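**Q** Quick one: this structure, given as structure tokens, is what I'll be asking you about.
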Amino acid sequence: MNCSAEKASRKWPVGAFGRARAAMVTATVALLWLGMQAGPADAARRSAGFPWDDLFGTRPHRARAPVRRAVVPLPKPRPAEAPAAAEPEPPAAKAAPSAAPAEAAKPAETSKPAEAAKPAETAAPQPSACRQALTEEIAIAPSIPDIHGAGGCGGEDLVRLEAIVLSDKRKVAVKPAAILRCKMAAAVADWIRSDIAPLVQGQGSAISVLDNFDSFECRGRNRVAGALLSEHGRANALDVRAFGLANGKSISLTDRSVPRSLRETVLHSVCTRFSTVLGPGSDWYHEDHIHLDLMERRNNYRICQWDVYDPLPQTAPLLPAERPGEAPPREVAAKSDGGKDERSKADTSKPDDGKPDAARSGEAAAPKGAAEAKSQPTKKRRQSRRP
């Protein structure tokens with residue numbers, strides 16, 4: 001048998017195309033026969049040949065196995081020999097009286113509307129350290145509400161300084177009472193107690209009154225409109241004019257009749273305690289009182305401007321002193337006196353007829369006829385004035 005490629009076409013009359021079609025038909029018949037032999041159980045157990053079999057819903061769904069629940073082991077029973085557990089005490093807020101079980105069973109919504117409407121009470125602010133230190137043993141200074149005025153006026157932690165209590169329990173009244181910040185009031189009280197009271201005691205009396213010229217006032221500096229806010233507007237300044245004594249006298253800090261040493265001592269004490277001191281010599285706004293404040297500046301800068309003037313003389317000189325005998329003669333004065341004598345002699349030689357010199361000379365030169373002739377008034381033409 002010759003199986004060469006040249007004679008292969010003679011065995012099949014349809015050629016190569018016919019041979020391929022015959023092979024496909026044979027394979028199809030074999031597959032159909034195998035499918036008829038397989039049962040529905042085998043088709044269910046057969047796995048999908050391709051991953052896209054479930055794309056169009058052709059693959060039957062597999063039944064899922066029931067979910068198994070995990071068995072949780074229970075705790076062992078408590079042994080009999082174990083001690084009894086202490087029962088926790090119910091909180092006092094949740095405990096309800098046994099006499100009213102029905103009220104305890106009510107829901108929270110049935111509470112009284114008045115109690116629900118009550119706002120939460122705000123806690124009272126704690127007093128500052130200055131307020132706690134400024135007790136009644138140091139000063140009578142009750143606290144007042146905070147002041148918040150226009151332009152930054154006012155402040156917090158304010159007091160009304162009514163009196164200063166000395167170490168021997170005597171009181172120095174502040175007239176009128178000064179509204180100040182607590183720190184400023186404490187500084188003034190310490191100044192009076194430590195410096196001024198011993199100083200005045202050395203003058204033979206005791207201090208009883210502090211003359212308050214000005215304290216809190218919402219204004220600009222020196223009461224100038226448009227100026228920066230004064231420390232008086234912040235309740236951080238006090239103007240002192242004088243000290244009242246127990247014997248009825250008064251010590252004015254700007255009075256030049258007060259001993260200079262006393263005023264200088266007061267000057268050194270205030271400039272040590274306060275950051276700003278203004279008095280006579282600073283400007284004409286502080287010629288009759290002393291300004292004190294605790295203004296905070298950079299690098300703790302301080303201002304102390306108060307000129308302590310010398311006392312005025314007892315008797316003011318009314319007349320100039322006499323010219324000493326060894327002084328040289330006044331030649332200029334002598335010449336002027338001689339000229340005055342000659343001029344007075346010439347005046348006495350002239351006739352005193354009450355007429356000026358020009359009138360007398362005109363009368364001498366004019367003839368008698370001209371003197372008798374009366375001068376007639378002449379008419380003047382009014383010139384036309386053009387506007």
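To be explicit about the labels: the chains of the structure tokens are called A, B, and onward in the order shown, and within each one the residues are counted from 1, while ligands get numbers from 1 in the order they are shown.
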Report as CSV: every residue of stretch 246-297 of chain A with an atom at most 12 Å from stretch 161-183 of chain A, its closest pair of atoms, and their distance in Å to one decimal, counting only C-alpha atoms, with rows sorted by chain and ascending residue number.
**A**
```
residue,atom,partner,partner_atom,distance
A:Ala246,CA,A:Val172,CA,9.9
A:Arg273,CA,A:Lys183,CA,11.9
A:Phe274,CA,A:Lys183,CA,11.2
A:Leu292,CA,A:Leu180,CA,11.8
A:Asp293,CA,A:Leu180,CA,10.2
A:Leu294,CA,A:Lys183,CA,8.5
A:Met295,CA,A:Lys183,CA,11.3
```
**Q** Which residue, A:Phe243, A:Asp310, A:Val224, A:Ala185, has the smallest gap to A:Ser208 when you use only C-alpha atoms?
**A**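 Checking each of A:Phe243, A:Asp310, A:Val224, A:Ala185 against A:Ser208, counting only C-alpha atoms, the winner is A:Phe243.
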**Q** Which residue out of A:Gly202, A:Asp211, A:Val188, A:Glu326 has the minimum interatomic distance to A:Ser252 when only C-alpha atoms are used?
**A** A:Asp211
**Q** Quick one: residues within 8 Å of A:Ser230, only C-alpha atoms, excluding same-chain residues fewer than 5 positions away - as an mmCIF file with all heavy atoms, in the first residue's frame?
**A**
```
data_model
loop_
_atom_site.group_PDB
_atom_site.id
_atom_site.type_symbol
_atom_site.label_atom_id
_atom_site.label_comp_id
_atom_site.auth_asym_id
_atom_site.auth_seq_id
_atom_site.Cartn_x
_atom_site.Cartn_y
_atom_site.Cartn_z
ATOM 1 N N CYS A 218 -13.155 107.612 84.622
ATOM 2 C CA CYS A 218 -12.985 107.211 83.225
ATOM 3 C C CYS A 218 -12.688 108.458 82.392
ATOM 4 O O CYS A 218 -13.590 109.188 81.975
ATOM 5 C CB CYS A 218 -14.243 106.499 82.722
ATOM 6 S SG CYS A 218 -14.057 105.796 81.064
ATOM 7 N N ARG A 219 -11.407 108.710 82.139
ATOM 8 C CA ARG A 219 -10.988 109.909 81.401
ATOM 9 C C ARG A 219 -9.616 109.666 80.800
ATOM 10 O O ARG A 219 -8.921 108.689 81.107
ATOM 11 C CB ARG A 219 -10.939 111.126 82.327
ATOM 12 C CG ARG A 219 -9.978 110.973 83.505
ATOM 13 C CD ARG A 219 -9.912 112.250 84.317
ATOM 14 N NE ARG A 219 -9.097 112.135 85.516
ATOM 15 C CZ ARG A 219 -7.774 112.255 85.545
ATOM 16 N NH1 ARG A 219 -7.105 112.491 84.423
ATOM 17 N NH2 ARG A 219 -7.112 112.153 86.680
ATOM 18 N N GLY A 220 -9.204 110.614 79.934
ATOM 19 C CA GLY A 220 -7.870 110.575 79.372
ATOM 20 C C GLY A 220 -6.860 111.215 80.315
ATOM 21 O O GLY A 220 -7.214 111.771 81.359
ATOM 22 N N ARG A 221 -5.617 111.178 79.936
ATOM 23 C CA ARG A 221 -4.565 111.737 80.766
ATOM 24 C C ARG A 221 -4.705 113.251 80.858
ATOM 25 O O ARG A 221 -4.901 113.933 79.843
ATOM 26 C CB ARG A 221 -3.185 111.375 80.193
ATOM 27 C CG ARG A 221 -2.885 109.880 80.218
ATOM 28 C CD ARG A 221 -1.525 109.573 79.649
ATOM 29 N NE ARG A 221 -1.262 108.133 79.669
ATOM 30 C CZ ARG A 221 -0.165 107.569 79.191
ATOM 31 N NH1 ARG A 221 0.785 108.321 78.644
ATOM 32 N NH2 ARG A 221 -0.014 106.253 79.249
ATOM 33 N N ASN A 222 -4.639 113.754 82.085
ATOM 34 C CA ASN A 222 -4.751 115.189 82.370
ATOM 35 C C ASN A 222 -6.076 115.764 81.899
ATOM 36 O O ASN A 222 -6.180 116.970 81.659
ATOM 37 C CB ASN A 222 -3.585 115.963 81.740
ATOM 38 C CG ASN A 222 -2.242 115.509 82.260
ATOM 39 O OD1 ASN A 222 -2.097 115.160 83.429
ATOM 40 N ND2 ASN A 222 -1.245 115.501 81.393
#
```
**Q** Pick out the residues sitting within 8 Å of A:Arg260, and hand them over as a list in words; count only C-alpha atoms, and ignore anything fewer than 3 positions along from it in its own chain.
**A**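 These residues fall inside the cut-off: Arg256, Arg263, Glu264, Val308, Tyr309, Asp310 and Pro311 of chain A.
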**Q** For the selection you just gave me, I'd like the residues written to a file as an mmCIF file, in the first residue's frame, keeping N, CA, C and O atoms.
**A**
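The resulting file, out27.cif, is shown below:
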```
data_model
loop_
_atom_site.group_PDB
_atom_site.id
_atom_site.type_symbol
_atom_site.label_atom_id
_atom_site.label_comp_id
_atom_site.auth_asym_id
_atom_site.auth_seq_id
_atom_site.Cartn_x
_atom_site.Cartn_y
_atom_site.Cartn_z
ATOM 1 N N ARG A 256 5.045 124.800 100.604
ATOM 2 C CA ARG A 256 6.462 125.123 100.813
ATOM 3 C C ARG A 256 6.765 125.521 102.249
ATOM 4 O O ARG A 256 7.931 125.601 102.635
ATOM 5 N N ARG A 263 9.131 116.678 103.411
ATOM 6 C CA ARG A 263 8.672 116.441 102.037
ATOM 7 C C ARG A 263 9.637 115.555 101.266
ATOM 8 O O ARG A 263 9.224 114.724 100.449
ATOM 9 N N GLU A 264 10.929 115.690 101.494
ATOM 10 C CA GLU A 264 11.896 114.830 100.816
ATOM 11 C C GLU A 264 11.778 113.380 101.276
ATOM 12 O O GLU A 264 11.944 112.448 100.474
ATOM 13 N N VAL A 308 11.019 119.251 95.063
ATOM 14 C CA VAL A 308 10.773 119.749 96.419
ATOM 15 C C VAL A 308 11.368 121.150 96.508
ATOM 16 O O VAL A 308 12.585 121.316 96.565
ATOM 17 N N TYR A 309 10.507 122.166 96.472
ATOM 18 C CA TYR A 309 10.965 123.553 96.466
ATOM 19 C C TYR A 309 11.408 123.983 97.865
ATOM 20 O O TYR A 309 10.947 123.456 98.881
ATOM 21 N N ASP A 310 12.291 124.990 97.872
ATOM 22 C CA ASP A 310 12.749 125.563 99.140
ATOM 23 C C ASP A 310 11.624 126.371 99.782
ATOM 24 O O ASP A 310 10.737 126.897 99.092
ATOM 25 N N PRO A 311 11.673 126.523 101.096
ATOM 26 C CA PRO A 311 10.638 127.343 101.763
ATOM 27 C C PRO A 311 10.747 128.808 101.350
ATOM 28 O O PRO A 311 11.830 129.308 100.993
#
```
**Q** Could you jot down the atom CA of A:Ile251 to atom CA of A:Glu217 separation for me, Å, one decimal place?
**A**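 Taking atom CA of A:Ile251 as the start and atom CA of A:Glu217 as the end point, the length is 25.3 Å.
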**Q** For A:Cys304, list every protein, DNA or RNA residue within 9 Å, evaluated using only C-alpha atoms, and leave out those in the same chain fewer than 6 positions away; present the list as a ChimeraX atom specification.
**A** /A:267,270-271,274-279,282
**Q** Would you mind exporting all heavy atoms of the selected residues as a short mmCIF file (atom, residue, chain, number, x, y, z; two decimals), in the first residue's frame?
**A**
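Saved result, selection-v2.cif, follows:
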```
data_model
loop_
_atom_site.label_atom_id
_atom_site.label_comp_id
_atom_site.auth_asym_id
_atom_site.auth_seq_id
_atom_site.Cartn_x
_atom_site.Cartn_y
_atom_site.Cartn_z
N LEU A 267 8.93 111.96 99.46
CA LEU A 267 9.31 111.75 98.07
C LEU A 267 10.06 110.42 97.89
O LEU A 267 9.75 109.63 96.99
CB LEU A 267 10.18 112.92 97.60
CG LEU A 267 10.92 112.74 96.27
CD1 LEU A 267 9.93 112.60 95.13
CD2 LEU A 267 11.88 113.89 96.03
N VAL A 270 7.58 107.29 98.32
CA VAL A 270 6.64 107.00 97.23
C VAL A 270 7.37 106.55 95.96
O VAL A 270 6.88 105.69 95.22
CB VAL A 270 5.74 108.22 96.94
CG1 VAL A 270 4.82 108.49 98.09
CG2 VAL A 270 6.57 109.46 96.60
N CYS A 271 8.53 107.13 95.68
CA CYS A 271 9.27 106.73 94.48
C CYS A 271 9.82 105.31 94.61
O CYS A 271 10.13 104.67 93.60
CB CYS A 271 10.41 107.71 94.21
SG CYS A 271 9.85 109.34 93.67
N PHE A 274 5.99 103.10 94.22
CA PHE A 274 5.11 103.24 93.06
C PHE A 274 5.94 103.46 91.80
O PHE A 274 7.03 104.04 91.84
CB PHE A 274 4.14 104.40 93.27
CG PHE A 274 3.26 104.23 94.49
CD1 PHE A 274 3.63 104.77 95.72
CD2 PHE A 274 2.08 103.51 94.40
CE1 PHE A 274 2.84 104.61 96.84
CE2 PHE A 274 1.28 103.35 95.52
CZ PHE A 274 1.66 103.89 96.74
N SER A 275 5.37 103.01 90.67
CA SER A 275 6.10 103.12 89.40
C SER A 275 5.99 104.49 88.77
O SER A 275 6.81 104.85 87.92
CB SER A 275 5.57 102.06 88.42
OG SER A 275 4.19 102.27 88.16
N THR A 276 5.00 105.30 89.15
CA THR A 276 4.83 106.65 88.62
C THR A 276 4.54 107.60 89.76
O THR A 276 3.59 107.36 90.53
CB THR A 276 3.70 106.72 87.58
OG1 THR A 276 3.91 105.74 86.57
CG2 THR A 276 3.65 108.10 86.94
N VAL A 277 5.33 108.67 89.84
CA VAL A 277 5.13 109.72 90.85
C VAL A 277 5.26 111.06 90.13
O VAL A 277 6.29 111.36 89.54
CB VAL A 277 6.16 109.63 91.99
CG1 VAL A 277 5.95 110.78 92.98
CG2 VAL A 277 6.08 108.28 92.70
N LEU A 278 4.20 111.86 90.16
CA LEU A 278 4.17 113.16 89.51
C LEU A 278 3.74 114.20 90.54
O LEU A 278 2.73 114.02 91.23
CB LEU A 278 3.22 113.18 88.32
CG LEU A 278 3.50 112.18 87.19
CD1 LEU A 278 2.42 112.24 86.13
CD2 LEU A 278 4.87 112.44 86.57
N GLY A 279 4.51 115.29 90.61
CA GLY A 279 4.20 116.36 91.56
C GLY A 279 4.60 117.70 90.99
O GLY A 279 4.70 117.87 89.77
N SER A 282 6.69 118.62 87.48
CA SER A 282 6.49 117.68 86.36
C SER A 282 5.70 118.35 85.24
O SER A 282 6.10 118.35 84.08
CB SER A 282 5.77 116.42 86.85
OG SER A 282 4.50 116.75 87.39
#
```
**Q** I'd like to know which residues of stretch 117-213 of chain A are strand (DSSP E or B) (by DSSP, run on the backbone); could you write them as a count of residues only?
**A** 34
**Q** List the neighbours of A:Ala242 out to 9 Å using only C-alpha atoms; skip same-chain residues closer than 5 positions along the sequence, and give me the result as a list of chain:residue names.
**A**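 These residues fall inside the cut-off: A:Val209, A:Leu210, A:Asp211, A:Asn212, A:Phe213, A:Ser250, A:Ile251, A:Ser252, A:Leu253, A:Thr254, A:His289.
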**Q** Suppose you want the space between atom CA of A:Glu156 and atom CA of A:Ile192; what is it in Å?
**A**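 We find that atom CA of A:Glu156 and atom CA of A:Ile192 lie 23.8 Å from each other.
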**Q** Pick out the closest residue to A:Ile290 from this set: A:Ala197, A:Leu245, A:Val266, A:Val159. Count only C-alpha atoms.
**A**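 Once distances to A:Ile290 are computed over only C-alpha atoms, the minimum belongs to A:Val266.
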